[in-house]
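Shown below: target.cif, with mmCIF, N, CA, C and O atoms.
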data_data
#
loop_
_atom_site.label_atom_id
_atom_site.label_comp_id
_atom_site.auth_asym_id
_atom_site.auth_seq_id
_atom_site.Cartn_x
_atom_site.Cartn_y
_atom_site.Cartn_z
N MET B 673 -27.60 86.27 -14.44
CA MET B 673 -26.86 87.51 -14.59
C MET B 673 -27.85 88.66 -14.65
O MET B 673 -28.84 88.62 -15.35
N SER B 674 -27.57 89.70 -13.92
CA SER B 674 -28.44 90.86 -13.87
C SER B 674 -28.22 91.73 -15.11
O SER B 674 -27.11 91.90 -15.59
N THR B 675 -29.31 92.31 -15.59
CA THR B 675 -29.22 93.20 -16.74
C THR B 675 -29.34 94.66 -16.35
O THR B 675 -29.35 95.53 -17.20
N THR B 676 -29.44 94.93 -15.05
CA THR B 676 -29.54 96.32 -14.60
C THR B 676 -28.16 96.93 -14.50
O THR B 676 -27.17 96.26 -14.26
N THR B 677 -28.11 98.22 -14.67
CA THR B 677 -26.86 98.94 -14.50
C THR B 677 -26.76 99.40 -13.06
O THR B 677 -27.77 99.46 -12.37
N PRO B 678 -25.57 99.71 -12.59
CA PRO B 678 -25.43 100.13 -11.18
C PRO B 678 -26.33 101.30 -10.81
O PRO B 678 -26.88 101.34 -9.73
N ASP B 679 -26.51 102.26 -11.70
CA ASP B 679 -27.37 103.41 -11.39
C ASP B 679 -28.82 103.00 -11.19
O ASP B 679 -29.53 103.57 -10.38
N GLU B 680 -29.26 102.00 -11.93
CA GLU B 680 -30.64 101.56 -11.80
C GLU B 680 -30.91 100.85 -10.49
O GLU B 680 -32.02 100.80 -10.01
N SER B 681 -29.87 100.29 -9.88
CA SER B 681 -30.05 99.54 -8.64
C SER B 681 -30.02 100.43 -7.41
O SER B 681 -30.31 99.98 -6.31
N ARG B 682 -29.67 101.69 -7.57
CA ARG B 682 -29.62 102.59 -6.44
C ARG B 682 -31.02 103.05 -6.05
O ARG B 682 -31.87 103.26 -6.90
N SER B 683 -31.22 103.24 -4.76
CA SER B 683 -32.50 103.76 -4.31
C SER B 683 -32.57 105.25 -4.59
O SER B 683 -31.55 105.92 -4.77
N SER B 684 -33.76 105.79 -4.62
CA SER B 684 -33.94 107.21 -4.96
C SER B 684 -33.34 108.13 -3.89
O SER B 684 -33.02 109.27 -4.18
N ASP B 685 -33.18 107.65 -2.65
CA ASP B 685 -32.63 108.52 -1.60
C ASP B 685 -31.12 108.31 -1.44
O ASP B 685 -30.51 108.87 -0.55
N ASP B 686 -30.51 107.50 -2.30
CA ASP B 686 -29.07 107.27 -2.27
C ASP B 686 -28.37 108.51 -2.83
O ASP B 686 -28.71 109.01 -3.89
N HIS B 687 -27.41 109.02 -2.08
CA HIS B 687 -26.71 110.22 -2.54
C HIS B 687 -25.27 110.19 -2.05
O HIS B 687 -24.92 109.40 -1.19
N CYS B 688 -24.47 111.04 -2.61
CA CYS B 688 -23.06 111.14 -2.22
C CYS B 688 -22.92 112.10 -1.05
O CYS B 688 -23.64 113.08 -0.96
N THR B 689 -21.97 111.81 -0.19
CA THR B 689 -21.66 112.71 0.91
C THR B 689 -20.88 113.90 0.37
O THR B 689 -19.92 113.71 -0.37
N PRO B 690 -21.29 115.11 0.71
CA PRO B 690 -20.55 116.30 0.23
C PRO B 690 -19.10 116.26 0.70
O PRO B 690 -18.78 115.80 1.80
N ASP B 691 -18.21 116.72 -0.18
CA ASP B 691 -16.79 116.70 0.09
C ASP B 691 -16.44 117.40 1.40
O ASP B 691 -15.57 116.96 2.13
N ALA B 692 -17.13 118.48 1.72
CA ALA B 692 -16.84 119.25 2.93
C ALA B 692 -17.05 118.41 4.20
O ALA B 692 -16.44 118.68 5.23
N LEU B 693 -17.91 117.40 4.12
CA LEU B 693 -18.15 116.55 5.29
C LEU B 693 -17.16 115.40 5.39
O LEU B 693 -17.06 114.76 6.42
N LEU B 694 -16.43 115.14 4.32
CA LEU B 694 -15.48 114.03 4.31
C LEU B 694 -14.07 114.43 4.74
O LEU B 694 -13.28 113.59 5.13
N HIS B 695 -13.75 115.71 4.68
CA HIS B 695 -12.40 116.16 4.94
C HIS B 695 -12.40 117.20 6.06
O HIS B 695 -13.31 118.00 6.16
N THR B 696 -11.35 117.18 6.85
CA THR B 696 -11.23 118.18 7.90
C THR B 696 -10.79 119.50 7.28
O THR B 696 -10.11 119.54 6.26
N ALA B 697 -11.21 120.55 7.88
CA ALA B 697 -10.83 121.88 7.39
C ALA B 697 -9.36 122.13 7.68
O ALA B 697 -8.84 121.71 8.71
N PRO B 698 -8.66 122.80 6.79
CA PRO B 698 -7.23 123.05 7.00
C PRO B 698 -6.93 123.84 8.26
O PRO B 698 -5.84 123.75 8.78
N SER B 699 -7.89 124.59 8.75
CA SER B 699 -7.64 125.43 9.92
C SER B 699 -7.75 124.65 11.24
O SER B 699 -7.38 125.16 12.28
N GLN B 700 -8.27 123.43 11.20
CA GLN B 700 -8.43 122.67 12.43
C GLN B 700 -7.08 122.10 12.87
O GLN B 700 -6.25 121.71 12.06
N ASP B 701 -6.89 122.05 14.17
CA ASP B 701 -5.68 121.46 14.72
C ASP B 701 -5.72 119.94 14.57
O ASP B 701 -6.76 119.32 14.74
N VAL B 702 -4.59 119.37 14.28
CA VAL B 702 -4.46 117.92 14.18
C VAL B 702 -4.16 117.39 15.57
O VAL B 702 -3.28 117.89 16.26
N THR B 703 -4.88 116.36 15.98
CA THR B 703 -4.65 115.76 17.29
C THR B 703 -3.75 114.53 17.13
O THR B 703 -3.58 114.00 16.02
N ALA B 704 -3.22 114.09 18.24
CA ALA B 704 -2.40 112.88 18.24
C ALA B 704 -3.23 111.69 17.74
O ALA B 704 -2.74 110.85 16.98
N GLU B 705 -4.49 111.64 18.13
CA GLU B 705 -5.37 110.56 17.69
C GLU B 705 -5.55 110.61 16.17
O GLU B 705 -5.55 109.57 15.50
N ASP B 706 -5.69 111.80 15.60
CA ASP B 706 -5.80 111.95 14.15
C ASP B 706 -4.58 111.35 13.46
O ASP B 706 -4.70 110.63 12.47
N LEU B 707 -3.41 111.67 13.97
CA LEU B 707 -2.16 111.20 13.37
C LEU B 707 -2.03 109.69 13.47
O LEU B 707 -1.64 109.02 12.51
N VAL B 708 -2.38 109.13 14.61
CA VAL B 708 -2.32 107.68 14.80
C VAL B 708 -3.23 106.98 13.80
O VAL B 708 -2.82 106.04 13.11
N MET B 709 -4.46 107.47 13.67
CA MET B 709 -5.40 106.83 12.75
C MET B 709 -4.98 107.02 11.30
O MET B 709 -5.10 106.10 10.49
N ALA B 710 -4.46 108.19 10.95
CA ALA B 710 -3.99 108.43 9.58
C ALA B 710 -2.82 107.52 9.22
O ALA B 710 -2.64 107.15 8.06
N ALA B 711 -2.04 107.15 10.22
CA ALA B 711 -0.90 106.26 10.00
C ALA B 711 -1.33 104.79 9.95
O ALA B 711 -0.51 103.91 9.70
N GLY B 712 -2.62 104.53 10.19
CA GLY B 712 -3.11 103.16 10.14
C GLY B 712 -2.77 102.35 11.37
O GLY B 712 -2.76 101.13 11.33
N ARG B 713 -2.48 103.03 12.46
CA ARG B 713 -2.12 102.35 13.70
C ARG B 713 -3.31 102.30 14.65
O ARG B 713 -4.24 103.08 14.53
N ASP B 714 -3.24 101.38 15.60
CA ASP B 714 -4.25 101.32 16.66
C ASP B 714 -4.02 102.47 17.63
O ASP B 714 -2.87 102.84 17.90
N VAL B 715 -5.11 102.99 18.16
CA VAL B 715 -5.01 104.07 19.14
C VAL B 715 -4.69 103.44 20.50
O VAL B 715 -5.56 102.91 21.18
N THR B 716 -3.41 103.47 20.84
CA THR B 716 -2.92 102.94 22.11
C THR B 716 -2.10 104.02 22.79
O THR B 716 -1.66 104.97 22.12
N PRO B 717 -1.87 103.92 24.08
CA PRO B 717 -1.04 104.92 24.75
C PRO B 717 0.33 105.08 24.10
O PRO B 717 0.82 106.20 23.93
N LYS B 718 0.96 103.97 23.70
CA LYS B 718 2.28 104.03 23.07
C LYS B 718 2.22 104.80 21.74
O LYS B 718 3.07 105.65 21.46
N ASN B 719 1.21 104.50 20.92
CA ASN B 719 1.08 105.18 19.63
C ASN B 719 0.69 106.65 19.80
O ASN B 719 1.13 107.50 19.02
N LEU B 720 -0.09 106.96 20.82
CA LEU B 720 -0.44 108.36 21.08
C LEU B 720 0.79 109.14 21.51
O LEU B 720 0.97 110.30 21.10
N ASP B 721 1.66 108.53 22.31
CA ASP B 721 2.92 109.19 22.70
C ASP B 721 3.78 109.46 21.47
O ASP B 721 4.36 110.53 21.32
N TRP B 722 3.86 108.46 20.57
CA TRP B 722 4.61 108.62 19.32
C TRP B 722 4.06 109.80 18.52
O TRP B 722 4.81 110.64 18.04
N ALA B 723 2.75 109.86 18.41
CA ALA B 723 2.11 110.91 17.62
C ALA B 723 2.33 112.29 18.25
O ALA B 723 2.58 113.26 17.54
N ARG B 724 2.24 112.37 19.57
CA ARG B 724 2.48 113.65 20.25
C ARG B 724 3.89 114.16 19.99
O ARG B 724 4.11 115.33 19.72
N ARG B 725 4.86 113.25 20.09
CA ARG B 725 6.25 113.64 19.82
C ARG B 725 6.42 114.10 18.39
O ARG B 725 7.07 115.10 18.10
N LYS B 726 5.83 113.38 17.46
CA LYS B 726 5.92 113.71 16.04
C LYS B 726 5.27 115.07 15.76
O LYS B 726 5.82 115.88 15.02
N LEU B 727 4.12 115.31 16.35
CA LEU B 727 3.45 116.60 16.17
C LEU B 727 4.25 117.74 16.79
O LEU B 727 4.29 118.85 16.25
N ASP B 728 4.88 117.48 17.93
CA ASP B 728 5.71 118.50 18.58
C ASP B 728 6.89 118.90 17.71
O ASP B 728 7.27 120.07 17.66
N THR B 729 7.48 117.93 17.01
CA THR B 729 8.66 118.23 16.20
C THR B 729 8.32 118.67 14.78
O THR B 729 8.99 119.53 14.22
N GLU B 730 7.25 118.10 14.18
CA GLU B 730 6.94 118.37 12.78
C GLU B 730 5.71 119.24 12.57
O GLU B 730 5.49 119.74 11.47
N GLY B 731 4.88 119.37 13.60
CA GLY B 731 3.65 120.13 13.44
C GLY B 731 2.69 119.44 12.47
O GLY B 731 2.72 118.23 12.30
N ARG B 732 1.88 120.25 11.80
CA ARG B 732 0.87 119.73 10.88
C ARG B 732 1.49 118.93 9.73
O ARG B 732 0.86 118.05 9.16
N ALA B 733 2.73 119.20 9.40
CA ALA B 733 3.40 118.47 8.32
C ALA B 733 3.47 116.98 8.60
O ALA B 733 3.52 116.17 7.67
N ALA B 734 3.41 116.59 9.87
CA ALA B 734 3.47 115.17 10.23
C ALA B 734 2.30 114.41 9.62
O ALA B 734 2.47 113.29 9.12
N ILE B 735 1.13 114.99 9.62
CA ILE B 735 -0.03 114.30 9.04
C ILE B 735 -0.11 114.52 7.54
O ILE B 735 -0.55 113.64 6.80
N GLU B 736 0.35 115.65 7.07
CA GLU B 736 0.30 115.92 5.63
C GLU B 736 1.18 114.94 4.86
O GLU B 736 0.88 114.62 3.72
N LYS B 737 2.24 114.46 5.48
CA LYS B 737 3.10 113.45 4.84
C LYS B 737 2.40 112.13 4.64
O LYS B 737 2.75 111.35 3.76
N LEU B 738 1.39 111.86 5.46
CA LEU B 738 0.67 110.58 5.40
C LEU B 738 -0.49 110.61 4.43
O LEU B 738 -0.99 109.57 4.02
N LEU B 739 -0.98 111.79 4.09
CA LEU B 739 -2.16 111.91 3.25
C LEU B 739 -1.79 111.91 1.78
O LEU B 739 -0.74 112.43 1.41
N PRO B 740 -2.65 111.31 0.97
CA PRO B 740 -2.35 111.27 -0.48
C PRO B 740 -2.42 112.64 -1.12
O PRO B 740 -2.98 113.55 -0.70
#

Just dump the structure as structure tokens.
Amino acid sequence: MSTTTPDESRSSDDHCTPDALLHTAPSQDVTAEDLVMAAGRDVTPKNLDWARRKLDTEGRAAIEKLLP
């Protein structure tokens, strides 16, 4: 059994990714591919068509419903 704590096992160059790099900016347009991936679906022509229709009818709200 190890006696080290998780912080002690990290390398000195280990760091967290800044929040701004993890999230898209609210001003960016949502693409059909974004919506498909946010829904946990495979990027296929059928799913891209679904996403395009959903974005056409719901706009950005379509992806906001999927995000926590």

Would you pick out the contacts of segment 718-731 of chain B at 8 Å or less, using all atoms listed in the file, so that residues sharing its chain but fewer than 6 positions from it are not included, and give the list as a VMD selection string? chain B and resid 702 to 709 737

File of the preceding selection, N, CA, C and O atoms, as a tab-separated table (two decimals), in the frame of the given file:
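Final file, selection14.tsv:
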chain	number	residue	atom	x	y	z
B	702	VAL	N	-4.59	119.37	14.28
B	702	VAL	CA	-4.46	117.92	14.18
B	702	VAL	C	-4.16	117.39	15.57
B	702	VAL	O	-3.28	117.89	16.26
B	703	THR	N	-4.88	116.36	15.98
B	703	THR	CA	-4.65	115.76	17.29
B	703	THR	C	-3.75	114.53	17.13
B	703	THR	O	-3.58	114.00	16.02
B	704	ALA	N	-3.22	114.09	18.24
B	704	ALA	CA	-2.40	112.88	18.24
B	704	ALA	C	-3.23	111.69	17.74
B	704	ALA	O	-2.74	110.85	16.98
B	705	GLU	N	-4.49	111.64	18.13
B	705	GLU	CA	-5.37	110.56	17.69
B	705	GLU	C	-5.55	110.61	16.17
B	705	GLU	O	-5.55	109.57	15.50
B	706	ASP	N	-5.69	111.80	15.60
B	706	ASP	CA	-5.80	111.95	14.15
B	706	ASP	C	-4.58	111.35	13.46
B	706	ASP	O	-4.70	110.63	12.47
B	707	LEU	N	-3.41	111.67	13.97
B	707	LEU	CA	-2.16	111.20	13.37
B	707	LEU	C	-2.03	109.69	13.47
B	707	LEU	O	-1.64	109.02	12.51
B	708	VAL	N	-2.38	109.13	14.61
B	708	VAL	CA	-2.32	107.68	14.80
B	708	VAL	C	-3.23	106.98	13.80
B	708	VAL	O	-2.82	106.04	13.11
B	709	MET	N	-4.46	107.47	13.67
B	709	MET	CA	-5.40	106.83	12.75
B	709	MET	C	-4.98	107.02	11.30
B	709	MET	O	-5.10	106.10	10.49
B	737	LYS	N	2.24	114.46	5.48
B	737	LYS	CA	3.10	113.45	4.84
B	737	LYS	C	2.40	112.13	4.64
B	737	LYS	O	2.75	111.35	3.76

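What separates atom O of Val715 of chain B from atom CA of Pro740 of chain B is a distance of 23.4 Å.
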
Hey, can I get the axis-aligned box for segment 718-736 of chain B? All listed atoms, 3 Å padding on each side, centre and edge lengths in Å to one decimal, as AutoDock Vina command-line options.
--center_x 4.2 --center_y 112.1 --center_z 13.7 --size_x 15.5 --size_y 22.3 --size_z 26.0

List every residue of segment 697-735 of chain B that DSSP, applied to the backbone of this structure, places in alpha helix (DSSP H), and write the result as a list of chain:residue names. B:Ala704, B:Glu705, B:Asp706, B:Leu707, B:Val708, B:Met709, B:Ala710, B:Pro717, B:Lys718, B:Asn719, B:Leu720, B:Asp721, B:Trp722, B:Ala723, B:Arg724, B:Arg725, B:Lys726, B:Leu727, B:Asp728, B:Thr729, B:Glu730, B:Ala733, B:Ala734, B:Ile735

Atom pair atom CA of Thr716 of chain B / atom O of Ala734 of chain B: separation (Å): 17.5 Å

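Between atom N of Pro717 of chain B and atom CA of Glu736 of chain B lies a distance of 22.1 Å.
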